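Below is target-v9.cif, which holds mmCIF, C-alpha atoms.
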data_run
#
loop_
_atom_site.group_PDB
_atom_site.id
_atom_site.type_symbol
_atom_site.label_atom_id
_atom_site.label_comp_id
_atom_site.auth_asym_id
_atom_site.auth_seq_id
_atom_site.Cartn_x
_atom_site.Cartn_y
_atom_site.Cartn_z
ATOM 1 C CA MET F 242 -14.744 -37.031 14.986
ATOM 2 C CA PRO F 243 -13.522 -33.531 15.944
ATOM 3 C CA THR F 244 -14.959 -31.412 18.736
ATOM 4 C CA LYS F 245 -16.177 -27.877 18.078
ATOM 5 C CA ASP F 246 -12.989 -26.586 19.708
ATOM 6 C CA GLU F 247 -10.890 -28.688 17.361
ATOM 7 C CA VAL F 248 -12.831 -27.364 14.375
ATOM 8 C CA PHE F 249 -12.135 -23.821 15.555
ATOM 9 C CA GLU F 250 -8.429 -24.543 16.069
ATOM 10 C CA LYS F 251 -8.039 -26.004 12.590
ATOM 11 C CA ILE F 252 -9.851 -23.045 11.046
ATOM 12 C CA GLN F 253 -7.661 -20.724 13.074
ATOM 13 C CA THR F 254 -4.551 -22.432 11.690
ATOM 14 C CA ALA F 255 -5.897 -22.256 8.125
ATOM 15 C CA LEU F 256 -6.601 -18.535 8.459
ATOM 16 C CA VAL F 257 -3.250 -17.789 10.112
ATOM 17 C CA ASP F 258 -1.440 -19.601 7.288
ATOM 18 C CA ALA F 259 -3.557 -18.140 4.496
ATOM 19 C CA LEU F 260 -3.799 -14.558 5.712
ATOM 20 C CA GLY F 261 -0.606 -14.083 7.702
ATOM 21 C CA VAL F 262 -2.544 -12.935 10.788
ATOM 22 C CA ASP F 263 -1.777 -13.801 14.412
ATOM 23 C CA ASP F 264 -3.598 -16.531 16.340
ATOM 24 C CA GLU F 265 -5.185 -13.999 18.675
ATOM 25 C CA ASP F 266 -6.666 -12.063 15.742
ATOM 26 C CA VAL F 267 -8.759 -15.075 14.751
ATOM 27 C CA THR F 268 -11.697 -14.774 17.135
ATOM 28 C CA PRO F 269 -15.189 -16.143 16.437
ATOM 29 C CA ASP F 270 -16.554 -12.636 15.861
ATOM 30 C CA ALA F 271 -13.789 -11.530 13.504
ATOM 31 C CA THR F 272 -14.960 -10.879 9.950
ATOM 32 C CA LEU F 273 -12.788 -12.398 7.246
ATOM 33 C CA VAL F 274 -12.665 -9.350 5.027
ATOM 34 C CA GLY F 275 -13.037 -6.466 7.485
ATOM 35 C CA ASP F 276 -11.003 -7.720 10.453
ATOM 36 C CA LEU F 277 -8.634 -10.270 8.925
ATOM 37 C CA GLY F 278 -8.040 -8.519 5.605
ATOM 38 C CA ALA F 279 -9.026 -11.382 3.312
ATOM 39 C CA GLU F 280 -9.191 -10.555 -0.393
ATOM 40 C CA SER F 281 -10.926 -12.503 -3.135
ATOM 41 C CA ILE F 282 -7.896 -14.651 -3.998
ATOM 42 C CA ASP F 283 -7.576 -15.592 -0.312
ATOM 43 C CA PHE F 284 -10.864 -17.479 -0.457
ATOM 44 C CA LEU F 285 -9.359 -19.912 -2.953
ATOM 45 C CA ASP F 286 -6.450 -20.442 -0.577
ATOM 46 C CA ILE F 287 -8.687 -20.740 2.504
ATOM 47 C CA VAL F 288 -11.016 -23.238 0.826
ATOM 48 C CA PHE F 289 -8.040 -25.421 -0.150
ATOM 49 C CA ARG F 290 -6.673 -25.386 3.405
ATOM 50 C CA LEU F 291 -10.081 -26.308 4.833
ATOM 51 C CA GLU F 292 -10.456 -29.139 2.317
ATOM 52 C CA LYS F 293 -7.043 -30.516 3.225
ATOM 53 C CA SER F 294 -7.383 -30.045 6.955
ATOM 54 C CA PHE F 295 -10.856 -31.579 7.272
ATOM 55 C CA GLU F 296 -10.623 -33.944 4.281
ATOM 56 C CA ILE F 297 -13.765 -32.471 2.763
ATOM 57 C CA LYS F 298 -14.743 -31.119 -0.649
ATOM 58 C CA ILE F 299 -16.028 -27.581 -0.957
ATOM 59 C CA PRO F 300 -17.506 -26.925 -4.408
ATOM 60 C CA ARG F 301 -17.071 -23.450 -5.857
ATOM 61 C CA GLY F 302 -19.661 -21.016 -4.565
ATOM 62 C CA GLU F 303 -20.691 -23.096 -1.565
ATOM 63 C CA LEU F 304 -18.935 -21.026 1.091
ATOM 64 C CA PHE F 305 -19.252 -17.759 -0.770
ATOM 65 C CA PRO F 306 -22.102 -17.838 -3.333
ATOM 66 C CA GLU F 307 -20.649 -15.228 -5.639
ATOM 67 C CA ASP F 308 -22.913 -16.354 -8.463
ATOM 68 C CA VAL F 309 -25.929 -14.935 -6.604
ATOM 69 C CA LEU F 310 -24.257 -11.543 -6.437
ATOM 70 C CA THR F 311 -23.608 -11.475 -10.157
ATOM 71 C CA ASN F 312 -27.036 -12.763 -11.164
ATOM 72 C CA ALA F 313 -29.227 -10.000 -12.601
ATOM 73 C CA ASP F 314 -32.318 -11.798 -11.236
ATOM 74 C CA TYR F 315 -31.178 -11.096 -7.689
ATOM 75 C CA ILE F 316 -29.588 -7.677 -7.974
ATOM 76 C CA GLN F 317 -31.161 -4.272 -8.555
ATOM 77 C CA ASP F 318 -29.335 -0.941 -8.364
ATOM 78 C CA GLY F 319 -26.414 -2.403 -6.466
ATOM 79 C CA ARG F 320 -28.656 -4.046 -3.884
ATOM 80 C CA VAL F 321 -29.710 -7.631 -3.371
ATOM 81 C CA THR F 322 -33.459 -8.007 -3.923
ATOM 82 C CA ASP F 323 -35.745 -9.739 -1.409
ATOM 83 C CA VAL F 324 -35.697 -12.835 -3.590
ATOM 84 C CA GLY F 325 -31.906 -12.621 -3.692
ATOM 85 C CA VAL F 326 -31.668 -12.367 0.088
ATOM 86 C CA GLU F 327 -33.891 -15.438 0.410
ATOM 87 C CA GLU F 328 -31.618 -17.282 -2.008
ATOM 88 C CA LEU F 329 -28.586 -16.268 0.050
ATOM 89 C CA ARG F 330 -30.279 -17.496 3.261
ATOM 90 C CA LYS F 331 -30.997 -20.803 1.565
ATOM 91 C CA ARG F 332 -27.430 -21.144 0.286
ATOM 92 C CA MET F 333 -25.757 -19.894 3.471
ATOM 93 C CA PRO F 334 -27.611 -21.450 6.414
ATOM 94 C CA PHE F 335 -24.374 -21.137 8.418
ATOM 95 C CA ALA F 336 -24.328 -17.313 8.224
ATOM 96 C CA ASN F 337 -26.439 -14.770 10.049
ATOM 97 C CA LEU F 338 -27.776 -12.499 7.331
ATOM 98 C CA ASP F 339 -30.231 -10.503 9.483
ATOM 99 C CA ASP F 340 -28.121 -7.330 9.621
ATOM 100 C CA PHE F 341 -27.225 -7.564 5.951
ATOM 101 C CA ALA F 342 -30.888 -8.019 5.016
ATOM 102 C CA LYS F 343 -31.741 -4.629 6.579
ATOM 103 C CA ASN F 344 -29.564 -2.839 4.030
ATOM 104 C CA PRO F 345 -28.479 -5.396 1.449
ATOM 105 C CA VAL F 346 -25.867 -3.440 -0.474
ATOM 106 C CA VAL F 347 -23.921 -5.862 -2.679
ATOM 107 C CA GLN F 348 -20.637 -4.180 -1.849
ATOM 108 C CA ASP F 349 -21.108 -4.886 1.865
ATOM 109 C CA PHE F 350 -21.746 -8.581 1.376
ATOM 110 C CA GLY F 351 -18.107 -9.556 1.328
ATOM 111 C CA SER F 352 -17.582 -8.127 4.792
ATOM 112 C CA LEU F 353 -20.197 -10.126 6.635
ATOM 113 C CA LEU F 354 -18.680 -13.604 6.822
ATOM 114 C CA THR F 355 -17.199 -14.273 10.270
ATOM 115 C CA VAL F 356 -14.932 -16.952 11.685
ATOM 116 C CA ALA F 357 -17.933 -18.347 13.583
ATOM 117 C CA ASP F 358 -19.847 -18.616 10.285
ATOM 118 C CA MET F 359 -16.950 -20.560 8.859
ATOM 119 C CA CYS F 360 -16.969 -22.904 11.873
ATOM 120 C CA ARG F 361 -20.696 -23.549 11.371
ATOM 121 C CA PHE F 362 -20.068 -24.150 7.673
ATOM 122 C CA VAL F 363 -17.455 -26.816 8.432
ATOM 123 C CA GLU F 364 -19.593 -28.310 11.216
ATOM 124 C CA GLY F 365 -22.258 -28.812 8.559
ATOM 125 C CA LYS F 366 -19.852 -30.921 6.535
ATOM 126 C CA VAL F 367 -18.108 -33.044 9.174
ATOM 127 C CA GLU F 368 -19.491 -34.936 12.131
ATOM 128 C CA VAL F 369 -18.745 -32.956 15.270
ATOM 129 C CA THR F 370 -18.972 -33.850 18.953
ATOM 130 C CA ASP F 371 -19.440 -31.353 21.789
ATOM 131 C CA MET B 35 18.205 -9.179 -19.932
ATOM 132 C CA ARG B 36 15.719 -12.023 -20.399
ATOM 133 C CA TRP B 37 13.227 -12.633 -17.644
ATOM 134 C CA TYR B 38 14.307 -16.221 -17.131
ATOM 135 C CA TRP B 39 15.050 -16.967 -13.514
ATOM 136 C CA ILE B 40 15.652 -20.669 -13.970
ATOM 137 C CA ASP B 41 18.276 -22.157 -16.264
ATOM 138 C CA ARG B 42 16.731 -25.508 -17.076
ATOM 139 C CA PHE B 43 14.382 -28.177 -15.843
ATOM 140 C CA ILE B 44 15.987 -31.363 -14.595
ATOM 141 C CA GLU B 45 12.698 -33.136 -13.843
ATOM 142 C CA PHE B 46 9.168 -32.368 -14.989
ATOM 143 C CA GLU B 47 6.344 -34.734 -14.019
ATOM 144 C CA SER B 48 3.110 -33.416 -15.488
ATOM 145 C CA GLY B 49 0.549 -32.378 -12.893
ATOM 146 C CA ARG B 50 2.798 -33.485 -10.015
ATOM 147 C CA TYR B 51 6.121 -31.731 -9.597
ATOM 148 C CA ALA B 52 8.947 -30.028 -11.423
ATOM 149 C CA LYS B 53 12.571 -29.533 -10.539
ATOM 150 C CA ALA B 54 14.746 -26.815 -12.050
ATOM 151 C CA VAL B 55 18.201 -25.390 -11.438
ATOM 152 C CA LYS B 56 19.411 -21.821 -11.265
ATOM 153 C CA ASN B 57 23.148 -21.157 -11.381
ATOM 154 C CA VAL B 58 24.115 -17.892 -9.748
ATOM 155 C CA SER B 59 27.064 -16.238 -11.473
ATOM 156 C CA LEU B 60 29.249 -13.257 -10.731
ATOM 157 C CA ALA B 61 28.851 -12.399 -14.421
ATOM 158 C CA GLU B 62 25.151 -11.605 -13.931
ATOM 159 C CA GLU B 63 24.626 -7.882 -13.603
ATOM 160 C CA HIS B 64 21.805 -8.042 -11.157
ATOM 161 C CA VAL B 65 23.876 -9.686 -8.385
ATOM 162 C CA HIS B 66 25.893 -6.475 -8.119
ATOM 163 C CA ASP B 67 22.857 -4.237 -7.835
ATOM 164 C CA HIS B 68 21.247 -5.468 -4.641
ATOM 165 C CA PHE B 69 23.837 -4.624 -1.996
ATOM 166 C CA THR B 70 26.916 -2.504 -2.655
ATOM 167 C CA ASN B 71 30.097 -4.597 -2.738
ATOM 168 C CA TYR B 72 28.191 -7.687 -1.640
ATOM 169 C CA PRO B 73 27.051 -9.651 -4.688
ATOM 170 C CA THR B 74 23.958 -11.669 -3.971
ATOM 171 C CA HIS B 75 21.014 -13.170 -5.847
ATOM 172 C CA PRO B 76 18.019 -11.469 -4.197
ATOM 173 C CA ASN B 77 15.312 -13.503 -2.500
ATOM 174 C CA SER B 78 12.651 -11.856 -4.673
ATOM 175 C CA LEU B 79 14.269 -13.436 -7.738
ATOM 176 C CA VAL B 80 14.514 -16.799 -5.997
ATOM 177 C CA LEU B 81 10.771 -16.489 -5.506
ATOM 178 C CA GLU B 82 10.321 -15.567 -9.181
ATOM 179 C CA GLY B 83 12.373 -18.614 -10.189
ATOM 180 C CA LEU B 84 10.205 -20.845 -8.034
ATOM 181 C CA ALA B 85 7.104 -19.187 -9.522
ATOM 182 C CA GLN B 86 8.397 -19.911 -13.037
ATOM 183 C CA THR B 87 9.110 -23.518 -12.084
ATOM 184 C CA GLY B 88 5.644 -23.949 -10.591
ATOM 185 C CA GLY B 89 3.814 -21.721 -13.055
ATOM 186 C CA LEU B 90 4.947 -23.683 -16.094
ATOM 187 C CA LEU B 91 4.037 -26.887 -14.259
ATOM 188 C CA VAL B 92 0.492 -25.581 -13.740
ATOM 189 C CA CYS B 93 0.277 -24.202 -17.298
ATOM 190 C CA GLU B 94 1.408 -27.478 -18.830
ATOM 191 C CA HIS B 95 -1.140 -29.466 -16.850
ATOM 192 C CA GLY B 96 -3.896 -27.343 -18.418
ATOM 193 C CA HIS B 97 -2.306 -27.581 -21.888
ATOM 194 C CA PHE B 98 -1.557 -23.864 -21.650
ATOM 195 C CA VAL B 99 -5.252 -22.985 -22.023
ATOM 196 C CA GLU B 100 -5.575 -21.092 -18.727
ATOM 197 C CA LYS B 101 -3.779 -17.806 -18.252
ATOM 198 C CA VAL B 102 -1.827 -18.550 -15.097
ATOM 199 C CA ILE B 103 -0.645 -15.590 -13.059
ATOM 200 C CA LEU B 104 1.044 -15.379 -9.677
ATOM 201 C CA ALA B 105 -1.646 -14.147 -7.323
ATOM 202 C CA LYS B 106 -0.386 -14.682 -3.801
ATOM 203 C CA VAL B 107 2.540 -15.909 -1.742
ATOM 204 C CA PRO B 108 1.137 -17.242 1.536
ATOM 205 C CA LYS B 109 4.561 -18.384 2.708
ATOM 206 C CA ALA B 110 8.171 -17.495 1.872
ATOM 207 C CA LYS B 111 10.966 -18.427 4.276
ATOM 208 C CA PHE B 112 14.618 -17.908 3.466
ATOM 209 C CA TYR B 113 17.281 -19.568 5.581
ATOM 210 C CA SER B 114 20.437 -18.228 3.923
ATOM 211 C CA GLU B 115 21.635 -16.103 1.025
ATOM 212 C CA ALA B 116 22.258 -17.175 -2.543
ATOM 213 C CA VAL B 117 25.629 -15.910 -3.767
ATOM 214 C CA PRO B 118 27.697 -16.318 -6.944
ATOM 215 C CA GLY B 119 28.870 -19.889 -7.330
ATOM 216 C CA ASP B 120 25.714 -21.353 -5.811
ATOM 217 C CA THR B 121 23.584 -23.785 -7.760
ATOM 218 C CA LEU B 122 20.005 -23.504 -6.547
ATOM 219 C CA THR B 123 17.735 -26.481 -7.074
ATOM 220 C CA TYR B 124 14.082 -25.491 -7.097
ATOM 221 C CA THR B 125 11.385 -28.115 -6.586
ATOM 222 C CA THR B 126 7.717 -27.212 -6.863
ATOM 223 C CA THR B 127 4.936 -29.652 -6.046
ATOM 224 C CA VAL B 128 1.293 -29.234 -7.026
ATOM 225 C CA GLU B 129 -0.940 -28.882 -3.976
ATOM 226 C CA TYR B 130 -4.082 -28.382 -6.035
ATOM 227 C CA ILE B 131 -5.194 -27.277 -9.474
ATOM 228 C CA LYS B 132 -8.783 -26.056 -9.673
ATOM 229 C CA GLN B 133 -10.909 -24.156 -12.130
ATOM 230 C CA GLU B 134 -10.184 -20.832 -10.421
ATOM 231 C CA GLY B 135 -6.490 -21.316 -9.755
ATOM 232 C CA ALA B 136 -3.761 -23.483 -8.329
ATOM 233 C CA MET B 137 -1.246 -23.712 -5.530
ATOM 234 C CA VAL B 138 2.239 -25.160 -5.403
ATOM 235 C CA SER B 139 4.615 -25.643 -2.508
ATOM 236 C CA GLY B 140 8.269 -25.177 -3.265
ATOM 237 C CA THR B 141 11.783 -25.504 -1.917
ATOM 238 C CA SER B 142 15.158 -24.158 -2.918
ATOM 239 C CA TYR B 143 18.247 -26.160 -1.992
ATOM 240 C CA LYS B 144 21.925 -25.279 -2.191
ATOM 241 C CA GLY B 145 23.375 -28.767 -2.427
ATOM 242 C CA ASP B 146 21.957 -30.559 0.621
ATOM 243 C CA GLU B 147 21.185 -27.330 2.442
ATOM 244 C CA LEU B 148 17.591 -26.078 2.560
ATOM 245 C CA HIS B 149 17.769 -22.501 1.337
ATOM 246 C CA ALA B 150 14.099 -21.452 1.047
ATOM 247 C CA GLU B 151 10.532 -22.734 1.406
ATOM 248 C CA VAL B 152 7.528 -21.175 -0.297
ATOM 249 C CA GLU B 153 3.856 -21.581 -1.092
ATOM 250 C CA ILE B 154 2.590 -19.888 -4.240
ATOM 251 C CA VAL B 155 -1.031 -19.411 -5.312
ATOM 252 C CA PHE B 156 -1.738 -18.878 -8.996
ATOM 253 C CA ALA B 157 -4.988 -17.467 -10.366
ATOM 254 C CA HIS B 158 -6.480 -18.370 -13.705
ATOM 255 C CA LEU B 159 -7.085 -15.090 -15.437
ATOM 256 C CA ASN B 160 -10.278 -14.994 -17.449
ATOM 257 C CA ASP B 161 -9.713 -11.973 -19.618
ATOM 258 C CA PRO B 162 -9.325 -12.252 -23.399
ATOM 259 C CA ARG B 163 -7.622 -8.840 -23.484
ATOM 260 C CA MET B 164 -4.621 -10.540 -21.913
ATOM 261 C CA ASP B 165 -4.256 -13.070 -24.725
ATOM 262 C CA ALA B 166 -1.273 -11.204 -26.136
ATOM 263 C CA LEU B 167 0.655 -11.863 -22.930
ATOM 264 C CA PHE B 168 0.051 -15.585 -23.236
ATOM 265 C CA ASP B 169 1.366 -16.238 -26.700
ATOM 266 C CA PRO B 170 1.502 -20.004 -27.434
ATOM 267 C CA GLU B 171 4.784 -19.628 -29.259
ATOM 268 C CA THR B 172 6.359 -18.072 -26.190
ATOM 269 C CA PHE B 173 5.311 -21.014 -24.042
ATOM 270 C CA LEU B 174 6.653 -23.521 -26.530
ATOM 271 C CA ARG B 175 9.917 -21.620 -26.708
ATOM 272 C CA MET B 176 10.252 -21.439 -22.921
ATOM 273 C CA MET B 177 9.478 -25.094 -22.400
ATOM 274 C CA ARG B 178 11.992 -26.084 -25.061
ATOM 275 C CA LEU B 179 14.640 -23.653 -23.912
ATOM 276 C CA LEU B 180 14.316 -24.947 -20.373
ATOM 277 C CA ARG B 181 14.497 -28.558 -21.621
ATOM 278 C CA ALA B 182 11.153 -29.560 -20.122
ATOM 279 C CA PHE B 183 10.431 -31.897 -23.041
ATOM 280 C CA ASP B 184 13.895 -33.472 -22.725
ATOM 281 C CA VAL B 185 13.374 -34.592 -19.127
ATOM 282 C CA GLY B 186 9.599 -34.505 -18.581
ATOM 283 C CA HIS B 187 6.928 -37.166 -18.318
ATOM 284 C CA ALA B 188 3.180 -37.017 -18.894
ATOM 285 C CA ALA B 189 0.769 -38.271 -16.240
ATOM 286 C CA ASP B 190 0.815 -41.754 -17.801
ATOM 287 C CA GLY B 191 4.606 -41.932 -17.610
ATOM 288 C CA SER B 192 5.223 -41.447 -21.326
ATOM 289 C CA PRO B 193 7.701 -38.769 -22.461
ATOM 290 C CA LEU B 194 6.330 -35.239 -22.139
ATOM 291 C CA LYS B 195 5.374 -33.715 -25.468
ATOM 292 C CA PRO B 196 4.133 -30.247 -26.446
ATOM 293 C CA PRO B 197 0.318 -30.166 -26.238
ATOM 294 C CA GLN B 198 -1.218 -30.614 -29.673
ATOM 295 C CA ARG B 199 -3.290 -27.508 -29.019
ATOM 296 C CA LEU B 200 -0.157 -25.377 -28.813
ATOM 297 C CA LEU B 201 1.328 -26.939 -31.921
ATOM 298 C CA ASP B 202 -1.918 -26.325 -33.790
ATOM 299 C CA LEU B 203 -1.984 -22.700 -32.677
ATOM 300 C CA VAL B 204 1.520 -21.981 -33.890
ATOM 301 C CA GLY B 205 0.731 -23.861 -37.101
ATOM 302 C CA GLY B 206 3.344 -25.391 -39.330
ATOM 303 C CA GLU B 207 5.734 -22.539 -38.760
ATOM 304 C CA ASP B 208 6.918 -23.298 -35.268
ATOM 305 C CA SER B 209 9.676 -20.771 -34.868
ATOM 306 C CA SER B 210 10.169 -21.847 -31.266
ATOM 307 C CA ALA B 211 12.042 -24.917 -32.405
ATOM 308 C CA GLU B 212 15.739 -25.094 -31.705
ATOM 309 C CA GLY B 213 18.110 -23.043 -33.764
ATOM 310 C CA THR B 214 15.926 -19.942 -33.891
ATOM 311 C CA GLU B 215 16.629 -16.604 -32.340
ATOM 312 C CA LEU B 216 15.179 -16.208 -28.853
#
Mind turning the file's structure into structure tokens?
Amino acid sequence: MPTKDEVFEKIQTALVDALGVDDEDVTPDATLVGDLGAESIDFLDIVFRLEKSFEIKIPRGELFPEDVLTNADYIQDGRVTDVGVEELRKRMPFANLDDFAKNPVVQDFGSLLTVADMCRFVEGKVEVTD
Amino acid sequence: MRWYWIDRFIEFESGRYAKAVKNVSLAEEHVHDHFTNYPTHPNSLVLEGLAQTGGLLVCEHGHFVEKVILAKVPKAKFYSEAVPGDTLTYTTTVEYIKQEGAMVSGTSYKGDELHAEVEIVFAHLNDPRMDALFDPETFLRMMRLLRAFDVGHAADGSPLKPPQRLLDLVGGEDSSAEGTEL
């Protein structure tokens, strides 16, 4: 059973290997897209490394629910509707969507996921000790 | 020049790994173009050879349905140069194949010496406009030319055969069979 620190270290290694960034760049507050330069194809790579490292399965769309952002029921004029934001909150309990919800422009969504969010996501899938 | 950066497969285990060789020759024009008076097979083409070895492995596993393109190289380490006279042995091993894409890890050896290590991520392109680039006849021709069906095995251990889907698509007139112009 890993500790929270061990979860962070494994995620740090996965992101260093997948994104070619330095250890010190991978801080809890760093955003994957904005600070670490992740692009869409990197998420496939990152998900695989997390699955291997933690021996877990991450179905498509679980970490990054892209289907919500392409669903006409949840999007209007390039913005996520209130119903869409609620759906995102439901699907992403590990992420803090409060700032995004104030101005939910679809284009900005990719930039909000942080390393800390990713840690919480993994902690939701493996048993963790303090 | 043909864009073949491997010469032939020597092992091909469907969905698991593939091994191919690349002989570097002084007769190849490109070895003279990289550094003046210092013939060498550039690392970028070693990477391309590994991508062809791994890419066909991924394609074959999906019966050549998915359009497999090189999307990302998370790791590429080269420990020495490849020069004329070298025989490079490329081995690529499937790390995962998913709906969205795949990843292989790969090595290049010169004899017993580790020459390069790579990781390559492939994406599955979902765009019918690109169909022309993924002609079934071309895949059949490449696999035959590279002897994949001579040395390969399916997942159940039986000899590797061209997917029926590909044969159906090229119909009765399979001009990729041996003896035809490439």
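The residues of chain B lying at most 12 Å from chain F, with all atoms listed in the file taken into account, are Ile103, Leu104, Ala105, Lys106, Val107, Pro108, Lys109, Ala110, Glu129, Tyr130, Ile131, Lys132, Gln133, Glu134, Gly135, Ala136, Met137, Val138, Val152, Glu153, Ile154, Val155, Phe156, Ala157, His158 and Leu159 of chain B.
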Those residues with C-alpha atoms, as an mmCIF file, in the coordinates of the input please?
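The resulting file, result-v5.cif, is reproduced below:
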data_model
loop_
_atom_site.group_PDB
_atom_site.id
_atom_site.type_symbol
_atom_site.label_atom_id
_atom_site.label_comp_id
_atom_site.auth_asym_id
_atom_site.auth_seq_id
_atom_site.Cartn_x
_atom_site.Cartn_y
_atom_site.Cartn_z
ATOM 1 C CA ILE B 103 -0.645 -15.590 -13.059
ATOM 2 C CA LEU B 104 1.044 -15.379 -9.677
ATOM 3 C CA ALA B 105 -1.646 -14.147 -7.323
ATOM 4 C CA LYS B 106 -0.386 -14.682 -3.801
ATOM 5 C CA VAL B 107 2.540 -15.909 -1.742
ATOM 6 C CA PRO B 108 1.137 -17.242 1.536
ATOM 7 C CA LYS B 109 4.561 -18.384 2.708
ATOM 8 C CA ALA B 110 8.171 -17.495 1.872
ATOM 9 C CA GLU B 129 -0.940 -28.882 -3.976
ATOM 10 C CA TYR B 130 -4.082 -28.382 -6.035
ATOM 11 C CA ILE B 131 -5.194 -27.277 -9.474
ATOM 12 C CA LYS B 132 -8.783 -26.056 -9.673
ATOM 13 C CA GLN B 133 -10.909 -24.156 -12.130
ATOM 14 C CA GLU B 134 -10.184 -20.832 -10.421
ATOM 15 C CA GLY B 135 -6.490 -21.316 -9.755
ATOM 16 C CA ALA B 136 -3.761 -23.483 -8.329
ATOM 17 C CA MET B 137 -1.246 -23.712 -5.530
ATOM 18 C CA VAL B 138 2.239 -25.160 -5.403
ATOM 19 C CA VAL B 152 7.528 -21.175 -0.297
ATOM 20 C CA GLU B 153 3.856 -21.581 -1.092
ATOM 21 C CA ILE B 154 2.590 -19.888 -4.240
ATOM 22 C CA VAL B 155 -1.031 -19.411 -5.312
ATOM 23 C CA PHE B 156 -1.738 -18.878 -8.996
ATOM 24 C CA ALA B 157 -4.988 -17.467 -10.366
ATOM 25 C CA HIS B 158 -6.480 -18.370 -13.705
ATOM 26 C CA LEU B 159 -7.085 -15.090 -15.437
#
>> For a cutoff of 10 Å around the file-coordinate point (19.7, -25.8, -6.5), which residues qualify once you count only C-alpha atoms? I'd like the result as a PyMOL selection string.
In response: chain B and resi 40+53-58+116+120-125+141-149
> Exactly which residues make up the result of the PyMOL selection byres ((chain B and resi 197) around 12) on this file, given as an MDAnalysis selection string?
Replying inline: chainID B and resid 48 93:99 170:171 173:174 177 183 188 193:196 198:204
Restricting the output to C-alpha atoms, write the selected residues as an mmCIF file, in the coordinates of the input.
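And here's part_15.cif as it stands now:
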data_model
loop_
_atom_site.group_PDB
_atom_site.id
_atom_site.type_symbol
_atom_site.label_atom_id
_atom_site.label_comp_id
_atom_site.auth_asym_id
_atom_site.auth_seq_id
_atom_site.Cartn_x
_atom_site.Cartn_y
_atom_site.Cartn_z
ATOM 1 C CA SER B 48 3.110 -33.416 -15.488
ATOM 2 C CA CYS B 93 0.277 -24.202 -17.298
ATOM 3 C CA GLU B 94 1.408 -27.478 -18.830
ATOM 4 C CA HIS B 95 -1.140 -29.466 -16.850
ATOM 5 C CA GLY B 96 -3.896 -27.343 -18.418
ATOM 6 C CA HIS B 97 -2.306 -27.581 -21.888
ATOM 7 C CA PHE B 98 -1.557 -23.864 -21.650
ATOM 8 C CA VAL B 99 -5.252 -22.985 -22.023
ATOM 9 C CA PRO B 170 1.502 -20.004 -27.434
ATOM 10 C CA GLU B 171 4.784 -19.628 -29.259
ATOM 11 C CA PHE B 173 5.311 -21.014 -24.042
ATOM 12 C CA LEU B 174 6.653 -23.521 -26.530
ATOM 13 C CA MET B 177 9.478 -25.094 -22.400
ATOM 14 C CA PHE B 183 10.431 -31.897 -23.041
ATOM 15 C CA ALA B 188 3.180 -37.017 -18.894
ATOM 16 C CA PRO B 193 7.701 -38.769 -22.461
ATOM 17 C CA LEU B 194 6.330 -35.239 -22.139
ATOM 18 C CA LYS B 195 5.374 -33.715 -25.468
ATOM 19 C CA PRO B 196 4.133 -30.247 -26.446
ATOM 20 C CA GLN B 198 -1.218 -30.614 -29.673
ATOM 21 C CA ARG B 199 -3.290 -27.508 -29.019
ATOM 22 C CA LEU B 200 -0.157 -25.377 -28.813
ATOM 23 C CA LEU B 201 1.328 -26.939 -31.921
ATOM 24 C CA ASP B 202 -1.918 -26.325 -33.790
ATOM 25 C CA LEU B 203 -1.984 -22.700 -32.677
ATOM 26 C CA VAL B 204 1.520 -21.981 -33.890
#
> Which neighbours of Asp314 in chain F fall inside 9 Å, counting all atoms listed in the file, when residues of the same chain fewer than 6 positions from it are skipped, and could you give them as a PyMOL selection string?
Replying inline: chain F and resi 322+324-325
Got time to write the residues from that selection, C-alpha atoms, as a PDB file, keeping the file's coordinate frame?
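The new file result-v7.pdb reads:
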ATOM      1  CA  THR F 322     -33.459  -8.007  -3.923  1.00  0.00           C
ATOM      2  CA  VAL F 324     -35.697 -12.835  -3.590  1.00  0.00           C
ATOM      3  CA  GLY F 325     -31.906 -12.621  -3.692  1.00  0.00           C
TER       4      GLY F 325
END
> Counting all atoms listed in the file, which residues come within 12 Å of (-14.6, -34.5, 6.5), with the point read in the file's coordinates, and could you list them as number ranges by chain?
Replying inline: F: 242-243, 248, 291-299, 362-369
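Using all atoms listed in the file, the protein and nucleic acid residues lying no more than 7 Å from Val356 in chain F, apart from those fewer than 6 places from it along its own chain, are Thr268, Pro269, Asp270, Ala271, Thr272 and Leu273 of chain F.
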> Exactly which residues make up the result of the PyMOL selection byres ((chain F and resi 307) around 12) on this file, given as an MDAnalysis selection string?
Replying inline: chainID F and resid 281 284 301:306 308:312 315:316 325 328:329 332:333 347:348 350:351
With 3 Å of padding per side, what axis-aligned box (centre and edge lengths, Å, one decimal) covers all the listed atoms of range 259-270 of chain F? Give it as JSON.
{"center_x": -8.6, "center_y": -15.1, "center_z": 11.6, "size_x": 21.9, "size_y": 12.1, "size_z": 20.2}
